[in-house]
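Please read the structure below before turning to the comments.
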Amino acid sequence: MTHGDDLTELGALLPTDAAGRSDQTSRQYLHLRADILAGKFPQGAALHETQLSEKYGASRTPIREALNWLAHDGLLERAARGFRVRSGTPEDVIEIYAARVALESEAAGAAAIRHTDLDMARLERLHNSCCGAKDDAEVRTDNFRFHEALWQAAHNTTIMTLLVRLTTQLRIYDSGPPSNYGEPDLLNAEHSNILEAIRTRDERAAREHMRTHLERSREQRIHLFANG
């Protein structure tokens, strides 16, 4: 995914209080968010209005508002002289996963009932793209896009908004070099099971397959932390 692709996708996912804010603030929010998720600002890095204003060629007001949005997203935390990129613990990740498993299992069940033909076509295209991914960076991008398309197929704005925030917080731990997803064939097989349950409108199976998929992902992250 290119930087431009990031900005296009993120434009639809601005915070719910974005209405009425300036285009300049939205633009700085998107640039900062994409750069944080790309690892351009390491975990714990200090972010100051003056320095960012110079870096992005913007006035301090939209930078300040963008930083507040990012703190609301959970990507930044307040520091003595501004903000710093959030650096969490394994316990933070486990807590986020507990919420994500519950919400995304619900989303999968809803997608099985509510999906449209367009939703199904998008999910199948992204699944095929993930199956054909050549390296970890492609797998990470295609995996995220598949899950995002599933949230959209659920047609529940509240669940999608919460999942965007939770997975954004998880993605910060994946910033920089791609994480080792491992066993791509298993990842794709799990996606295939979820996809088939949604295709056949089997709500219960969609929930169960999503729960199994995310619980394995959680255990993998715990393993990486333990051996890090």
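Scheme for the structure tokens: letters A, B, ... for chains in order shown; per-chain residue numbers from 1; ligand numbers from 1 in order shown.
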
Point to revise | Close residues, Asn193 of chain A itself excluded, 12 Å, only C-alpha atoms, min 5 positions apart in chain, as a list in words | key: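 Near Asn193 of chain A, the qualifying residues are Ala108, Glu124, His127, Leu186, Leu187, Asn188, Ile198, Arg199, Thr200, Asp202, Ala205, Ala206, Arg207, Glu208, His209, Met210, Arg211, Thr212 and His213 of chain A.
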
Export N, CA, C and O atoms of the chosen residues as an mmCIF file, in the first residue's frame?
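This went into out02.cif:
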data_model
loop_
_atom_site.group_PDB
_atom_site.id
_atom_site.type_symbol
_atom_site.label_atom_id
_atom_site.label_comp_id
_atom_site.auth_asym_id
_atom_site.auth_seq_id
_atom_site.Cartn_x
_atom_site.Cartn_y
_atom_site.Cartn_z
ATOM 1 N N ALA A 108 -18.766 -10.466 11.896
ATOM 2 C CA ALA A 108 -18.813 -11.580 10.951
ATOM 3 C C ALA A 108 -20.216 -12.168 10.866
ATOM 4 O O ALA A 108 -20.717 -12.478 9.778
ATOM 5 N N GLU A 124 -14.146 -11.469 -1.767
ATOM 6 C CA GLU A 124 -13.511 -12.521 -2.556
ATOM 7 C C GLU A 124 -12.266 -12.001 -3.265
ATOM 8 O O GLU A 124 -11.236 -12.688 -3.329
ATOM 9 N N HIS A 127 -9.563 -11.614 -0.625
ATOM 10 C CA HIS A 127 -9.076 -12.932 -0.208
ATOM 11 C C HIS A 127 -8.117 -13.493 -1.248
ATOM 12 O O HIS A 127 -7.044 -14.013 -0.904
ATOM 13 N N LEU A 186 -2.255 -21.232 6.529
ATOM 14 C CA LEU A 186 -3.257 -21.349 7.579
ATOM 15 C C LEU A 186 -4.094 -20.075 7.664
ATOM 16 O O LEU A 186 -5.319 -20.131 7.816
ATOM 17 N N LEU A 187 -3.435 -18.918 7.551
ATOM 18 C CA LEU A 187 -4.146 -17.643 7.555
ATOM 19 C C LEU A 187 -5.186 -17.617 6.437
ATOM 20 O O LEU A 187 -6.357 -17.254 6.666
ATOM 21 N N ASN A 188 -4.777 -18.016 5.246
ATOM 22 C CA ASN A 188 -5.690 -17.994 4.105
ATOM 23 C C ASN A 188 -6.806 -19.029 4.244
ATOM 24 O O ASN A 188 -7.946 -18.788 3.816
ATOM 25 N N ILE A 198 -19.922 -16.646 5.361
ATOM 26 C CA ILE A 198 -20.635 -15.420 4.977
ATOM 27 C C ILE A 198 -21.380 -15.644 3.669
ATOM 28 O O ILE A 198 -22.547 -15.255 3.532
ATOM 29 N N ARG A 199 -20.726 -16.297 2.716
ATOM 30 C CA ARG A 199 -21.346 -16.552 1.410
ATOM 31 C C ARG A 199 -22.648 -17.337 1.554
ATOM 32 O O ARG A 199 -23.634 -17.057 0.866
ATOM 33 N N THR A 200 -22.656 -18.335 2.453
ATOM 34 C CA THR A 200 -23.843 -19.189 2.640
ATOM 35 C C THR A 200 -24.790 -18.647 3.701
ATOM 36 O O THR A 200 -25.757 -19.308 4.065
ATOM 37 N N ASP A 202 -24.393 -18.274 6.866
ATOM 38 C CA ASP A 202 -24.391 -19.077 8.085
ATOM 39 C C ASP A 202 -23.832 -18.214 9.216
ATOM 40 O O ASP A 202 -22.624 -18.155 9.436
ATOM 41 N N ALA A 205 -21.672 -20.048 12.027
ATOM 42 C CA ALA A 205 -20.353 -20.484 11.566
ATOM 43 C C ALA A 205 -19.435 -19.287 11.345
ATOM 44 O O ALA A 205 -18.232 -19.352 11.646
ATOM 45 N N ALA A 206 -19.973 -18.189 10.821
ATOM 46 C CA ALA A 206 -19.154 -16.994 10.596
ATOM 47 C C ALA A 206 -18.584 -16.482 11.909
ATOM 48 O O ALA A 206 -17.400 -16.129 12.004
ATOM 49 N N ARG A 207 -19.417 -16.452 12.948
ATOM 50 C CA ARG A 207 -18.951 -16.014 14.265
ATOM 51 C C ARG A 207 -17.848 -16.942 14.787
ATOM 52 O O ARG A 207 -16.805 -16.484 15.273
ATOM 53 N N GLU A 208 -18.076 -18.237 14.700
ATOM 54 C CA GLU A 208 -17.135 -19.213 15.257
ATOM 55 C C GLU A 208 -15.802 -19.189 14.510
ATOM 56 O O GLU A 208 -14.733 -19.244 15.133
ATOM 57 N N HIS A 209 -15.858 -19.119 13.186
ATOM 58 C CA HIS A 209 -14.616 -19.101 12.410
ATOM 59 C C HIS A 209 -13.825 -17.817 12.675
ATOM 60 O O HIS A 209 -12.587 -17.852 12.747
ATOM 61 N N MET A 210 -14.522 -16.700 12.835
ATOM 62 C CA MET A 210 -13.812 -15.455 13.133
ATOM 63 C C MET A 210 -13.180 -15.518 14.516
ATOM 64 O O MET A 210 -12.039 -15.087 14.718
ATOM 65 N N ARG A 211 -13.894 -16.054 15.469
ATOM 66 C CA ARG A 211 -13.334 -16.169 16.817
ATOM 67 C C ARG A 211 -12.082 -17.044 16.811
ATOM 68 O O ARG A 211 -11.058 -16.688 17.405
ATOM 69 N N THR A 212 -12.144 -18.173 16.124
ATOM 70 C CA THR A 212 -10.979 -19.062 16.031
ATOM 71 C C THR A 212 -9.798 -18.338 15.386
ATOM 72 O O THR A 212 -8.658 -18.435 15.853
ATOM 73 N N HIS A 213 -10.071 -17.615 14.319
ATOM 74 C CA HIS A 213 -9.040 -16.882 13.589
ATOM 75 C C HIS A 213 -8.358 -15.845 14.474
ATOM 76 O O HIS A 213 -7.123 -15.767 14.538
#

Exercise for review: Can you list, as a count of residues only, all residues belonging to segment 4-228 of chain A that DSSP tags as helix (DSSP H, G or I)?
Suggested key: 167

Which neighbours of segment 215-223 of chain A fall inside 12 Å, counting only C-alpha atoms, when residues of the same chain fewer than 4 positions from it are skipped, and could you give them as a PDB file with N, CA and C atoms, in the first residue's frame?
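Now in out.pdb:
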ATOM      1  N   THR A  89       2.175  -2.364  26.290  1.00  0.00           N
ATOM      2  CA  THR A  89       2.716  -3.584  26.892  1.00  0.00           C
ATOM      3  C   THR A  89       1.979  -4.795  26.316  1.00  0.00           C
ATOM      4  N   PRO A  90       2.509  -5.986  26.527  1.00  0.00           N
ATOM      5  CA  PRO A  90       1.773  -7.182  26.110  1.00  0.00           C
ATOM      6  C   PRO A  90       0.365  -7.232  26.713  1.00  0.00           C
ATOM      7  N   GLU A  91       0.224  -6.734  27.938  1.00  0.00           N
ATOM      8  CA  GLU A  91      -1.096  -6.727  28.579  1.00  0.00           C
ATOM      9  C   GLU A  91      -2.065  -5.833  27.817  1.00  0.00           C
ATOM     10  N   ASP A  92      -1.559  -4.699  27.277  1.00  0.00           N
ATOM     11  CA  ASP A  92      -2.407  -3.822  26.476  1.00  0.00           C
ATOM     12  C   ASP A  92      -2.940  -4.560  25.249  1.00  0.00           C
ATOM     13  N   VAL A  93      -2.057  -5.296  24.580  1.00  0.00           N
ATOM     14  CA  VAL A  93      -2.446  -6.024  23.371  1.00  0.00           C
ATOM     15  C   VAL A  93      -3.497  -7.086  23.690  1.00  0.00           C
ATOM     16  N   ILE A  94      -3.313  -7.786  24.801  1.00  0.00           N
ATOM     17  CA  ILE A  94      -4.268  -8.821  25.192  1.00  0.00           C
ATOM     18  C   ILE A  94      -5.637  -8.204  25.478  1.00  0.00           C
ATOM     19  N   GLU A  95      -5.644  -7.044  26.143  1.00  0.00           N
ATOM     20  CA  GLU A  95      -6.909  -6.369  26.433  1.00  0.00           C
ATOM     21  C   GLU A  95      -7.605  -5.935  25.142  1.00  0.00           C
ATOM     22  N   ILE A  96      -6.837  -5.389  24.202  1.00  0.00           N
ATOM     23  CA  ILE A  96      -7.412  -4.955  22.931  1.00  0.00           C
ATOM     24  C   ILE A  96      -7.988  -6.145  22.184  1.00  0.00           C
ATOM     25  N   TYR A  97      -7.278  -7.266  22.215  1.00  0.00           N
ATOM     26  CA  TYR A  97      -7.761  -8.451  21.511  1.00  0.00           C
ATOM     27  C   TYR A  97      -9.054  -8.981  22.121  1.00  0.00           C
ATOM     28  N   ALA A  98      -9.179  -8.890  23.429  1.00  0.00           N
ATOM     29  CA  ALA A  98     -10.403  -9.369  24.069  1.00  0.00           C
ATOM     30  C   ALA A  98     -11.617  -8.622  23.519  1.00  0.00           C
ATOM     31  N   ALA A  99     -11.469  -7.309  23.366  1.00  0.00           N
ATOM     32  CA  ALA A  99     -12.563  -6.507  22.808  1.00  0.00           C
ATOM     33  C   ALA A  99     -12.732  -6.789  21.327  1.00  0.00           C
ATOM     34  N   ARG A 100     -11.619  -6.936  20.615  1.00  0.00           N
ATOM     35  CA  ARG A 100     -11.717  -7.152  19.181  1.00  0.00           C
ATOM     36  C   ARG A 100     -12.391  -8.488  18.859  1.00  0.00           C
ATOM     37  N   VAL A 101     -12.043  -9.533  19.593  1.00  0.00           N
ATOM     38  CA  VAL A 101     -12.654 -10.849  19.343  1.00  0.00           C
ATOM     39  C   VAL A 101     -14.167 -10.761  19.465  1.00  0.00           C
ATOM     40  N   ALA A 102     -14.634 -10.101  20.514  1.00  0.00           N
ATOM     41  CA  ALA A 102     -16.079  -9.987  20.731  1.00  0.00           C
ATOM     42  C   ALA A 102     -16.749  -9.192  19.613  1.00  0.00           C
ATOM     43  N   GLU A 104     -15.542  -8.314  16.504  1.00  0.00           N
ATOM     44  CA  GLU A 104     -15.402  -8.768  15.121  1.00  0.00           C
ATOM     45  C   GLU A 104     -16.132 -10.088  14.882  1.00  0.00           C
ATOM     46  N   SER A 105     -16.292 -10.886  15.907  1.00  0.00           N
ATOM     47  CA  SER A 105     -17.140 -12.071  15.771  1.00  0.00           C
ATOM     48  C   SER A 105     -18.577 -11.642  15.489  1.00  0.00           C
ATOM     49  N   ASN A 143      -4.328  -8.603   4.522  1.00  0.00           N
ATOM     50  CA  ASN A 143      -5.062  -9.103   5.673  1.00  0.00           C
ATOM     51  C   ASN A 143      -5.906  -7.993   6.293  1.00  0.00           C
ATOM     52  N   LEU A 170      -3.644  -1.701  17.506  1.00  0.00           N
ATOM     53  CA  LEU A 170      -2.835  -2.899  17.302  1.00  0.00           C
ATOM     54  C   LEU A 170      -1.784  -2.684  16.221  1.00  0.00           C
ATOM     55  N   ARG A 171      -2.148  -1.940  15.171  1.00  0.00           N
ATOM     56  CA  ARG A 171      -1.224  -1.746  14.052  1.00  0.00           C
ATOM     57  C   ARG A 171       0.029  -0.982  14.455  1.00  0.00           C
ATOM     58  N   TYR A 173       1.840  -1.562  16.877  1.00  0.00           N
ATOM     59  CA  TYR A 173       2.836  -2.549  17.281  1.00  0.00           C
ATOM     60  C   TYR A 173       3.453  -3.238  16.070  1.00  0.00           C
ATOM     61  N   ASP A 174       2.806  -3.068  14.898  1.00  0.00           N
ATOM     62  CA  ASP A 174       3.323  -3.642  13.659  1.00  0.00           C
ATOM     63  C   ASP A 174       4.083  -2.624  12.840  1.00  0.00           C
ATOM     64  N   SER A 179       5.592  -7.502  10.638  1.00  0.00           N
ATOM     65  CA  SER A 179       5.564  -8.583  11.610  1.00  0.00           C
ATOM     66  C   SER A 179       5.626  -9.913  10.883  1.00  0.00           C
ATOM     67  N   ASN A 180       6.082 -10.933  11.566  1.00  0.00           N
ATOM     68  CA  ASN A 180       6.113 -12.267  10.984  1.00  0.00           C
ATOM     69  C   ASN A 180       4.754 -12.920  11.183  1.00  0.00           C
ATOM     70  N   TYR A 181       3.938 -12.907  10.136  1.00  0.00           N
ATOM     71  CA  TYR A 181       2.611 -13.500  10.273  1.00  0.00           C
ATOM     72  C   TYR A 181       2.694 -15.012  10.379  1.00  0.00           C
ATOM     73  N   GLY A 182       3.684 -15.617   9.716  1.00  0.00           N
ATOM     74  CA  GLY A 182       3.858 -17.066   9.822  1.00  0.00           C
ATOM     75  C   GLY A 182       2.689 -17.842   9.236  1.00  0.00           C
ATOM     76  N   GLU A 183       2.942 -19.030   8.754  1.00  0.00           N
ATOM     77  CA  GLU A 183       1.911 -19.938   8.254  1.00  0.00           C
ATOM     78  C   GLU A 183       0.858 -19.232   7.395  1.00  0.00           C
ATOM     79  N   PRO A 184       1.269 -18.630   6.282  1.00  0.00           N
ATOM     80  CA  PRO A 184       0.294 -17.923   5.445  1.00  0.00           C
ATOM     81  C   PRO A 184      -0.795 -18.842   4.914  1.00  0.00           C
ATOM     82  N   LEU A 186      -2.255 -21.232   6.529  1.00  0.00           N
ATOM     83  CA  LEU A 186      -3.257 -21.349   7.579  1.00  0.00           C
ATOM     84  C   LEU A 186      -4.094 -20.075   7.664  1.00  0.00           C
ATOM     85  N   LEU A 187      -3.435 -18.918   7.551  1.00  0.00           N
ATOM     86  CA  LEU A 187      -4.146 -17.643   7.555  1.00  0.00           C
ATOM     87  C   LEU A 187      -5.186 -17.617   6.437  1.00  0.00           C
ATOM     88  N   GLU A 190      -8.140 -19.962   7.073  1.00  0.00           N
ATOM     89  CA  GLU A 190      -9.087 -19.392   8.036  1.00  0.00           C
ATOM     90  C   GLU A 190      -9.968 -18.334   7.377  1.00  0.00           C
ATOM     91  N   GLU A 208     -18.076 -18.237  14.700  1.00  0.00           N
ATOM     92  CA  GLU A 208     -17.135 -19.213  15.257  1.00  0.00           C
ATOM     93  C   GLU A 208     -15.802 -19.189  14.510  1.00  0.00           C
ATOM     94  N   HIS A 209     -15.858 -19.119  13.186  1.00  0.00           N
ATOM     95  CA  HIS A 209     -14.616 -19.101  12.410  1.00  0.00           C
ATOM     96  C   HIS A 209     -13.825 -17.817  12.675  1.00  0.00           C
ATOM     97  N   MET A 210     -14.522 -16.700  12.835  1.00  0.00           N
ATOM     98  CA  MET A 210     -13.812 -15.455  13.133  1.00  0.00           C
ATOM     99  C   MET A 210     -13.180 -15.518  14.516  1.00  0.00           C
ATOM    100  N   ARG A 211     -13.894 -16.054  15.469  1.00  0.00           N
ATOM    101  CA  ARG A 211     -13.334 -16.169  16.817  1.00  0.00           C
ATOM    102  C   ARG A 211     -12.082 -17.044  16.811  1.00  0.00           C
ATOM    103  N   ASN A 227       8.999 -14.149  23.235  1.00  0.00           N
ATOM    104  CA  ASN A 227      10.303 -14.465  22.658  1.00  0.00           C
ATOM    105  C   ASN A 227      11.021 -13.231  22.124  1.00  0.00           C
ATOM    106  N   GLY A 228      10.456 -12.068  22.418  1.00  0.00           N
ATOM    107  CA  GLY A 228      11.042 -10.830  21.901  1.00  0.00           C
ATOM    108  C   GLY A 228      12.219 -10.363  22.742  1.00  0.00           C
TER     109      GLY A 228
END

Review point. Given the choices A:Thr167, A:Thr157, A:Gln24, A:Gln152, which gets closest to Thr61 of chain A if the distance is worked out from only C-alpha atoms?
Key: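 Closest residue, counting only C-alpha atoms: A:Gln24.
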
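The closest residue to His115 of chain A, picked from A:Ala154, A:Thr50, A:Ser192, A:Leu163 and counting only C-alpha atoms, is A:Ala154.
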
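Nearest to Ile113 of chain A of all the residues A:His155, A:Arg140, A:Trp69, A:Ala79 is A:His155, counting only C-alpha atoms.
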
Exercise for review: Select, from A:Ala121, A:Ala45, A:Leu166, A:Ala58, the residue with the minimum atom-to-atom distance to Asp73 of chain A, counting only C-alpha atoms.
Suggested key: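 For Asp73 of chain A, the nearest of the candidates is A:Leu166.
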
Near Trp151 of chain A, counting only C-alpha atoms, which residues have an atom at most 6 Å away, once you skip same-chain residues fewer than 3 positions from it, shown as a CSV table (one decimal) with N, CA, C and O atoms, in the first residue's frame?
chain,number,residue,atom,x,y,z
A,107,ALA,N,-19.4,-8.8,14.1
A,107,ALA,CA,-19.4,-8.3,12.7
A,107,ALA,C,-19.5,-9.4,11.7
A,107,ALA,O,-20.2,-9.2,10.7
A,148,GLU,N,-11.2,-5.2,7.0
A,148,GLU,CA,-11.9,-3.9,6.9
A,148,GLU,C,-13.1,-4.1,6.0
A,148,GLU,O,-14.2,-3.6,6.3
A,154,ALA,N,-20.8,-5.9,7.4
A,154,ALA,CA,-21.7,-6.0,8.5
A,154,ALA,C,-22.7,-4.9,8.5
A,154,ALA,O,-23.8,-5.1,9.2
A,160,MET,N,-18.1,-0.9,13.4
A,160,MET,CA,-17.0,-0.6,12.5
A,160,MET,C,-16.1,0.5,13.1
A,160,MET,O,-14.9,0.4,13.1

Exercise for review: Using only C-alpha atoms, determine which residues lie at most 10 Å from Ala149 of chain A, disregarding the query and same-chain residues fewer than 5 positions distant; provide the list as a list in words.
Suggested key: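 The residues satisfying every condition are Ala111, Asp119, Met120, Arg122, Leu123, Glu124, Leu126, Phe144 and Ala154 of chain A.
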
Point to revise | Residue neighbourhood Gln43 of chain A, 9 Å, only C-alpha atoms, exclusion window fewer than 2 positions, as a PyMOL selection string | key: chain A and resi 36+39+41+45-46+84-88+172-173+175

Take the selection from the previous step and output its residues with N, CA, C and O atoms, as a PDB file, in the first residue's frame.
ATOM      1  N   ILE A  36       2.805   7.616  11.421  1.00  0.00           N
ATOM      2  CA  ILE A  36       2.954   6.870  12.678  1.00  0.00           C
ATOM      3  C   ILE A  36       2.805   5.371  12.419  1.00  0.00           C
ATOM      4  O   ILE A  36       3.607   4.557  12.873  1.00  0.00           O
ATOM      5  N   GLY A  39       5.697   3.640  10.905  1.00  0.00           N
ATOM      6  CA  GLY A  39       6.905   3.522  11.719  1.00  0.00           C
ATOM      7  C   GLY A  39       7.870   4.674  11.572  1.00  0.00           C
ATOM      8  O   GLY A  39       9.017   4.590  12.023  1.00  0.00           O
ATOM      9  N   PHE A  41       7.686   7.453  13.048  1.00  0.00           N
ATOM     10  CA  PHE A  41       7.885   7.960  14.403  1.00  0.00           C
ATOM     11  C   PHE A  41       7.856   6.745  15.327  1.00  0.00           C
ATOM     12  O   PHE A  41       6.797   6.152  15.540  1.00  0.00           O
ATOM     13  N   ALA A  45       8.418   8.099  20.710  1.00  0.00           N
ATOM     14  CA  ALA A  45       8.976   9.323  20.142  1.00  0.00           C
ATOM     15  C   ALA A  45       8.136  10.533  20.522  1.00  0.00           C
ATOM     16  O   ALA A  45       6.905  10.477  20.517  1.00  0.00           O
ATOM     17  N   ALA A  46       8.804  11.629  20.866  1.00  0.00           N
ATOM     18  CA  ALA A  46       8.109  12.864  21.227  1.00  0.00           C
ATOM     19  C   ALA A  46       7.669  13.595  19.964  1.00  0.00           C
ATOM     20  O   ALA A  46       8.403  13.655  18.970  1.00  0.00           O
ATOM     21  N   ARG A  84       3.580  11.988  22.810  1.00  0.00           N
ATOM     22  CA  ARG A  84       4.550  10.993  22.354  1.00  0.00           C
ATOM     23  C   ARG A  84       3.775   9.812  21.783  1.00  0.00           C
ATOM     24  O   ARG A  84       2.622   9.565  22.148  1.00  0.00           O
ATOM     25  N   VAL A  85       4.444   9.077  20.878  1.00  0.00           N
ATOM     26  CA  VAL A  85       3.825   7.908  20.278  1.00  0.00           C
ATOM     27  C   VAL A  85       3.635   6.854  21.351  1.00  0.00           C
ATOM     28  O   VAL A  85       4.550   6.559  22.115  1.00  0.00           O
ATOM     29  N   ARG A  86       2.451   6.325  21.398  1.00  0.00           N
ATOM     30  CA  ARG A  86       2.120   5.369  22.446  1.00  0.00           C
ATOM     31  C   ARG A  86       3.021   4.132  22.359  1.00  0.00           C
ATOM     32  O   ARG A  86       3.287   3.612  21.285  1.00  0.00           O
ATOM     33  N   SER A  87       3.484   3.677  23.487  1.00  0.00           N
ATOM     34  CA  SER A  87       4.232   2.420  23.564  1.00  0.00           C
ATOM     35  C   SER A  87       3.547   1.567  24.619  1.00  0.00           C
ATOM     36  O   SER A  87       3.525   1.922  25.795  1.00  0.00           O
ATOM     37  N   GLY A  88       2.937   0.492  24.176  1.00  0.00           N
ATOM     38  CA  GLY A  88       2.150  -0.335  25.065  1.00  0.00           C
ATOM     39  C   GLY A  88       2.884  -1.556  25.564  1.00  0.00           C
ATOM     40  O   GLY A  88       4.064  -1.761  25.297  1.00  0.00           O
ATOM     41  N   ILE A 172      -0.060  -0.188  15.517  1.00  0.00           N
ATOM     42  CA  ILE A 172       1.116   0.562  15.930  1.00  0.00           C
ATOM     43  C   ILE A 172       2.224  -0.385  16.390  1.00  0.00           C
ATOM     44  O   ILE A 172       3.408  -0.091  16.288  1.00  0.00           O
ATOM     45  N   TYR A 173       1.840  -1.562  16.877  1.00  0.00           N
ATOM     46  CA  TYR A 173       2.836  -2.549  17.281  1.00  0.00           C
ATOM     47  C   TYR A 173       3.453  -3.238  16.070  1.00  0.00           C
ATOM     48  O   TYR A 173       4.470  -3.908  16.178  1.00  0.00           O
ATOM     49  N   SER A 175       4.245  -1.411  13.355  1.00  0.00           N
ATOM     50  CA  SER A 175       4.894  -0.370  12.574  1.00  0.00           C
ATOM     51  C   SER A 175       6.359  -0.721  12.354  1.00  0.00           C
ATOM     52  O   SER A 175       6.964  -1.492  13.078  1.00  0.00           O
TER      53      SER A 175
END

Review point. Atom CA of Gly44 of chain A to atom CA of Ser26 of chain A: how many Å, to one decimal?
Key: 23.6 Å

Revision key, fill the gap. Counting only C-alpha atoms, closest pick from A:Ala137, A:Glu49, A:Asn68, A:Tyr56 relative to Asp35 of chain A is A:Tyr56

Exercise for review: Could you tell me, as a list in words, which residues of segment 52-123 of chain A DSSP assigns to strand (DSSP E) when given the backbone?
Suggested key: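 DSSP-assigned strand (DSSP E) residues in segment 52-123 of chain A: Leu76, Glu77, Arg78, Ala79, Gly82, Phe83, Arg84 and Val85 of chain A.
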